[in-house]
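*Asks:* protein29.txt is reproduced below (compact mmCIF, C-alpha atoms).
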```
# COMPACT_ATOMS: atom_id res chain seq x y z
CA MET M 1 49.46 -53.22 66.63
CA SER M 2 49.66 -53.55 62.88
CA ASN M 3 49.05 -49.98 61.79
CA PRO M 4 49.09 -50.06 57.97
CA ILE M 5 46.70 -53.01 57.87
CA PHE M 6 44.20 -51.23 60.12
CA TRP M 7 44.31 -48.06 58.01
CA LEU M 8 44.01 -50.03 54.77
CA PHE M 9 40.92 -51.95 55.86
CA ALA M 10 39.37 -48.98 57.67
CA LEU M 11 39.64 -46.92 54.48
CA VAL M 12 38.23 -49.78 52.39
CA ALA M 13 35.32 -50.16 54.84
CA VAL M 14 34.45 -46.45 54.85
CA GLY M 15 34.89 -46.15 51.08
CA ALA M 16 32.67 -49.15 50.43
CA ALA M 17 30.07 -47.77 52.85
CA ILE M 18 29.97 -44.42 51.04
CA GLY M 19 29.81 -46.23 47.71
CA MET M 20 26.91 -48.35 48.95
CA VAL M 21 24.86 -45.32 49.96
CA THR M 22 25.60 -43.22 46.86
CA THR M 23 25.56 -45.63 43.90
CA PRO M 24 22.21 -45.61 42.06
CA ASN M 25 22.31 -49.29 41.06
CA ALA M 26 21.10 -51.65 43.81
CA ILE M 27 23.35 -54.49 42.57
CA HIS M 28 26.41 -52.25 42.94
CA SER M 29 25.18 -51.30 46.42
CA ALA M 30 25.02 -54.96 47.41
CA LEU M 31 28.53 -55.62 46.07
CA PHE M 32 29.90 -52.58 47.92
CA LEU M 33 28.28 -53.94 51.08
CA VAL M 34 30.06 -57.30 50.55
CA LEU M 35 33.34 -55.39 50.31
CA ASN M 36 32.48 -53.51 53.50
CA PHE M 37 31.70 -56.76 55.34
CA ALA M 38 34.95 -58.33 54.15
CA ALA M 39 36.98 -55.33 55.35
CA ILE M 40 35.27 -55.47 58.76
CA ALA M 41 36.02 -59.21 58.91
CA ALA M 42 39.70 -58.37 58.43
CA LEU M 43 39.44 -55.88 61.29
CA TYR M 44 37.92 -58.63 63.47
CA VAL M 45 41.07 -60.68 62.84
CA LEU M 46 43.15 -57.68 63.93
CA LEU M 47 40.96 -57.42 67.03
CA ASN M 48 41.81 -60.98 68.04
CA ALA M 49 38.40 -62.40 67.07
CA PRO M 50 39.11 -65.00 64.37
CA PHE M 51 35.89 -66.98 64.85
CA ILE M 52 33.70 -63.88 64.52
CA ALA M 53 35.67 -62.94 61.38
CA VAL M 54 34.92 -66.29 59.74
CA VAL M 55 31.25 -66.13 60.77
CA GLN M 56 31.10 -62.62 59.33
CA ILE M 57 32.37 -63.87 55.96
CA THR M 58 30.21 -66.98 55.78
CA VAL M 59 26.95 -65.64 57.23
CA TYR M 60 27.01 -61.95 56.28
CA ALA M 61 29.06 -61.73 53.10
CA GLY M 62 27.89 -65.19 52.07
CA ALA M 63 24.37 -66.12 53.06
CA ILE M 64 22.75 -62.76 53.78
CA MET M 65 24.14 -60.95 50.75
CA VAL M 66 23.20 -63.82 48.45
CA LEU M 67 19.65 -63.42 49.75
CA PHE M 68 19.80 -59.67 49.04
CA LEU M 69 21.15 -60.16 45.51
CA PHE M 70 18.56 -62.86 44.86
CA VAL M 71 15.67 -60.57 45.85
CA ILE M 72 17.11 -57.58 43.91
CA MET M 73 17.36 -59.68 40.77
CA LEU M 74 13.98 -61.33 41.36
CA LEU M 75 12.21 -57.99 41.62
CA GLY M 76 14.34 -56.18 39.03
CA ALA M 77 14.82 -53.54 41.70
CA GLU M 78 18.19 -52.36 40.41
CA LYS M 79 16.37 -50.13 37.92
CA LEU M 80 14.74 -48.05 40.65
CA ARG M 81 16.70 -44.82 40.44
CA GLY M 82 16.81 -41.58 42.36
CA VAL M 83 18.45 -40.92 45.70
CA SER M 84 15.71 -38.89 47.30
CA GLY M 85 12.23 -38.04 46.12
CA GLY M 86 11.57 -35.33 48.66
CA GLY M 87 13.61 -32.45 47.28
CA THR M 88 16.98 -31.14 48.26
CA TRP M 89 15.96 -29.86 51.69
CA GLN M 90 15.39 -33.45 52.82
CA ARG M 91 18.85 -34.40 51.61
CA GLY M 92 20.43 -31.47 53.42
CA LEU M 93 18.54 -32.26 56.60
CA ALA M 94 19.66 -35.90 56.40
CA VAL M 95 23.32 -34.88 56.12
CA ILE M 96 22.94 -32.47 59.06
CA LEU M 97 21.27 -35.19 61.17
CA ALA M 98 24.06 -37.65 60.34
CA ALA M 99 26.65 -35.06 61.42
CA VAL M 100 24.73 -34.51 64.68
CA LEU M 101 24.71 -38.30 65.18
CA ILE M 102 28.49 -38.48 64.75
CA VAL M 103 28.99 -35.68 67.29
CA ALA M 104 26.58 -37.28 69.76
CA PHE M 105 28.32 -40.66 69.50
CA ALA M 106 31.74 -39.07 69.80
CA ILE M 107 30.75 -37.22 72.96
CA THR M 108 29.18 -40.35 74.44
CA PHE M 109 31.90 -42.86 73.64
CA LEU M 110 35.02 -40.77 73.92
CA SER M 111 34.17 -39.07 77.20
CA GLY M 112 36.12 -41.82 78.91
CA ASP M 113 33.77 -43.24 81.50
CA VAL M 114 31.92 -45.67 79.18
CA LEU M 115 35.11 -47.40 78.10
CA PRO M 116 35.85 -50.62 79.94
CA SER M 117 39.12 -50.41 81.77
CA ALA M 118 41.97 -51.83 79.75
CA SER M 119 42.87 -55.38 80.67
CA SER M 120 46.38 -56.65 80.76
CA GLY M 121 47.30 -59.55 78.54
CA THR M 122 45.33 -61.27 75.81
CA ILE M 123 42.49 -63.71 76.31
CA ASP M 124 41.96 -67.03 74.55
CA THR M 125 39.55 -66.29 71.69
CA SER M 126 39.79 -69.61 69.88
CA PRO M 127 36.51 -71.19 68.69
CA THR M 128 36.86 -73.73 71.51
CA ALA M 129 37.04 -71.04 74.19
CA LEU M 130 34.18 -69.11 72.58
CA GLY M 131 32.04 -72.25 72.35
CA LEU M 132 32.66 -73.12 76.00
CA HIS M 133 31.81 -69.57 77.02
CA LEU M 134 28.64 -69.68 74.91
CA PHE M 135 27.40 -72.96 76.31
CA GLU M 136 28.37 -72.28 79.92
CA GLY M 137 26.90 -68.81 80.31
CA TYR M 138 24.44 -68.35 77.46
CA ILE M 139 22.68 -71.66 77.01
CA LEU M 140 19.14 -70.23 77.37
CA PRO M 141 19.66 -67.38 74.86
CA PHE M 142 21.21 -69.92 72.51
CA GLU M 143 18.10 -72.13 72.67
CA ILE M 144 15.82 -69.09 72.24
CA THR M 145 17.83 -68.20 69.12
CA GLY M 146 16.85 -71.56 67.69
CA VAL M 147 13.16 -70.80 68.34
CA LEU M 148 13.62 -67.37 66.75
CA LEU M 149 15.10 -68.86 63.59
CA LEU M 150 12.25 -71.37 63.39
CA ALA M 151 9.69 -68.57 63.81
CA ALA M 152 11.42 -66.53 61.09
CA MET M 153 11.43 -69.50 58.74
CA ILE M 154 7.72 -70.20 59.30
CA GLY M 155 6.95 -66.49 58.89
CA VAL M 156 8.74 -66.34 55.55
CA VAL M 157 6.93 -69.43 54.28
CA ILE M 158 3.53 -68.02 55.35
CA LEU M 159 4.26 -64.59 53.87
CA ASN M 160 5.23 -65.91 50.47
CA LYS M 161 2.73 -68.71 50.18
CA SER M 162 0.49 -68.29 47.12
CA ARG M 163 -3.09 -67.92 48.24
CA GLY M 164 -5.81 -70.33 47.05
CA GLY M 165 -4.11 -71.55 43.90
CA GLU M 166 -3.76 -67.97 42.70
CA ASP M 167 -0.57 -67.67 40.68
CA ALA M 168 2.08 -65.83 42.70
CA MET G 1 52.06 -43.58 61.38
CA LEU G 2 49.78 -43.09 64.34
CA GLU G 3 49.53 -45.81 66.91
CA VAL G 4 46.17 -47.59 66.46
CA THR G 5 44.21 -47.54 69.71
CA THR G 6 40.72 -48.51 70.80
CA ASN G 7 39.60 -44.98 69.98
CA HIS G 8 40.38 -45.53 66.28
CA TYR G 9 38.06 -48.51 66.18
CA ILE G 10 35.37 -46.50 68.00
CA TRP G 11 35.69 -43.71 65.44
CA LEU G 12 35.48 -46.20 62.56
CA SER G 13 32.36 -47.72 64.11
CA ILE G 14 30.77 -44.28 64.62
CA ILE G 15 31.48 -43.29 61.01
CA LEU G 16 30.10 -46.55 59.59
CA PHE G 17 26.96 -46.30 61.74
CA SER G 18 26.36 -42.71 60.66
CA ILE G 19 26.83 -43.58 56.97
CA GLY G 20 24.26 -46.35 57.46
CA ALA G 21 21.84 -43.91 59.11
CA LEU G 22 22.43 -41.49 56.24
CA GLY G 23 21.58 -44.25 53.79
CA VAL G 24 18.30 -44.94 55.60
CA LEU G 25 17.42 -41.24 55.43
CA LEU G 26 18.50 -40.60 51.84
CA ARG G 27 17.53 -43.62 49.80
CA ARG G 28 14.02 -44.48 48.63
CA ASN G 29 14.69 -48.07 47.55
CA ALA G 30 13.47 -50.34 50.38
CA ILE G 31 16.20 -52.93 49.71
CA ILE G 32 18.98 -50.34 49.96
CA ILE G 33 17.45 -49.04 53.19
CA PHE G 34 17.61 -52.62 54.45
CA MET G 35 21.26 -52.91 53.47
CA SER G 36 21.99 -49.67 55.33
CA ILE G 37 20.41 -51.16 58.44
CA GLU G 38 22.68 -54.19 58.06
CA MET G 39 25.65 -51.85 57.93
CA MET G 40 24.53 -50.16 61.16
CA LEU G 41 24.28 -53.58 62.84
CA ASN G 42 27.80 -54.28 61.62
CA ALA G 43 29.11 -51.05 63.08
CA ALA G 44 27.60 -52.05 66.43
CA ASN G 45 29.23 -55.49 66.11
CA LEU G 46 32.60 -53.88 65.49
CA LEU G 47 32.15 -51.88 68.68
CA PHE G 48 31.23 -55.04 70.62
CA VAL G 49 34.39 -56.81 69.46
CA THR G 50 36.50 -53.74 70.19
CA PHE G 51 35.15 -53.47 73.73
CA SER G 52 35.53 -57.23 74.16
CA ARG G 53 39.23 -56.92 73.45
CA GLN G 54 39.55 -53.81 75.59
CA ALA G 55 37.89 -55.49 78.58
CA GLY G 56 39.63 -58.83 78.06
CA ASP G 57 36.26 -60.57 78.17
CA LEU G 58 34.59 -62.98 75.72
CA ASP G 59 31.05 -61.71 76.42
CA GLY G 60 31.26 -59.12 73.63
CA GLN G 61 32.09 -61.75 71.03
CA VAL G 62 29.26 -64.00 72.20
CA LEU G 63 26.87 -61.05 71.84
CA VAL G 64 28.10 -60.46 68.27
CA PHE G 65 27.28 -64.09 67.57
CA PHE G 66 23.67 -63.48 68.71
CA VAL G 67 23.41 -60.20 66.77
CA ILE G 68 24.46 -61.98 63.56
CA THR G 69 21.83 -64.68 64.16
CA VAL G 70 19.06 -62.15 64.77
CA ALA G 71 20.20 -60.15 61.72
CA ALA G 72 19.93 -63.26 59.55
CA ALA G 73 16.37 -63.91 60.77
CA GLU G 74 15.49 -60.25 60.31
CA VAL G 75 16.80 -60.19 56.73
CA ALA G 76 14.82 -63.30 55.81
CA VAL G 77 11.55 -61.88 57.17
CA GLY G 78 12.22 -58.36 55.88
CA LEU G 79 12.98 -59.47 52.35
CA ALA G 80 9.87 -61.67 52.38
CA LEU G 81 7.86 -58.59 53.38
CA ILE G 82 9.46 -56.57 50.56
CA VAL G 83 8.60 -59.30 48.04
CA THR G 84 5.00 -59.35 49.32
CA ILE G 85 4.73 -55.55 49.08
CA PHE G 86 6.18 -55.66 45.57
CA ARG G 87 3.51 -58.17 44.54
CA THR G 88 0.68 -55.85 45.55
CA LYS G 89 2.17 -52.40 44.79
CA ARG G 90 4.51 -53.30 41.89
CA SER G 91 7.05 -51.01 43.53
CA ILE G 92 9.45 -50.94 46.47
CA ASN G 93 9.88 -47.18 46.46
CA ILE G 94 8.97 -46.32 50.05
CA ASP G 95 7.42 -43.00 48.97
CA GLU G 96 4.71 -45.01 47.21
CA ILE G 97 4.02 -47.31 50.18
CA ASN G 98 1.39 -45.11 51.83
CA LEU G 99 -1.69 -47.31 52.23
CA MET G 100 -1.94 -46.41 55.92
CA LYS G 101 -1.83 -42.66 55.24
CA GLY G 102 -5.07 -41.06 56.47
```
As a first step, turn the structure in this file into structure tokens.
*Replies:*
Amino acid sequence: MSNPIFWLFALVAVGAAIGMVTTPNAIHSALFLVLNFAAIAALYVLLNAPFIAVVQITVYAGAIMVLFLFVIMLLGAEKLRGVSGGGTWQRGLAVILAAVLIVAFAITFLSGDVLPSASSGTIDTSPTALGLHLFEGYILPFEITGVLLLAAMIGVVILNKSRGGEDA
Amino acid sequence: MLEVTTNHYIWLSIILFSIGALGVLLRRNAIIIFMSIEMMLNAANLLFVTFSRQAGDLDGQVLVFFVITVAAAEVAVGLALIVTIFRTKRSINIDEINLMKG
């Protein structure tokens, strides 16, 4: 395993995540999230998942974040300041709940019996193998995904249609 | 340096998910809450890929593929909803979105 590369990208991912949550400017948040996605894509490469890494960059860091930045700039939402409106007790409670979440996850995942047993040897994770696996075992979910995307597209068009000539 | 094992990836995923949850709880800007949710989905994806490698099985990676697709659809609809709310309320601060409050 390539240790220094894992630690580098893990630190970048966590740092970008903290930056995303704490920075007051929404544009900076979005850019931190792009950095986080890129670091996770690098970890996917380390995890022997090159196709997922490329999809992560193109779909997440590319398409989805462009949509986010577009809406932030369209609404001028980067000016909305303030981390929490509900006083400091809400903030403290949120931090406590996040800590409880970490502990709960750690107990669940690291207890040992949820981990799949380690396999010997590496599998073929090339796009060809992944595509064959997708179309041999998951053809119905794949088709349903197409319907889902169509429904989402129609929903967005209906939601943002200007009503009765009224200027949107 | 320490040997990197599956547990390191699990810890990274747990930490990223919790930071995302913290963002949902702390922030009042609807778009940033949305971005935090995306980060939580990403943490789950990282776990899927980790387990996929651990089990020597491609199913985890196929599932990540579907999660990314659903996330893309969700972002499109969610941002459209935020734009619609902004048109009526002139704000996306979730403390001010309380029309349903009795």
*Asks:* Please list as a PyMOL selection string every residue within 8 Å of stretch 48-60 of chain G, counting only C-alpha atoms and excluding residues in the same chain fewer than 2 positions away.
*Replies:* (chain M and resi 44+47-49+115-123+125+130+133) or (chain G and resi 6+9-10+44-46+62-64)
*Asks:* Counting all atoms listed in the file, collect the residues of chain M whose closest atom lies at most 7 Å from chain G, and write them out as a ChimeraX atom specification.
*Replies:* /M:1,3,10,14,17-18,21,26,47,64,80,83-84,91,94-95,98,101-102,105,116-119,122-123,130,134,149,152,155-156,159-160
*Asks:* Mind pulling up the distance from atom CA of M:Ala39 to atom CA of M:Leu8?
*Replies:*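 That distance, rounded to one decimal, is 8.8 Å.
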*Asks:* Distance atom CA of M:Asn25-atom CA of M:Ala13, one decimal place?
*Replies:* 19.0 Å
*Asks:* Work out how far atom CA of M:Lys161 is from atom CA of M:Val147, in Å to one decimal.
*Replies:*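 These atoms are spaced 21.0 Å apart.
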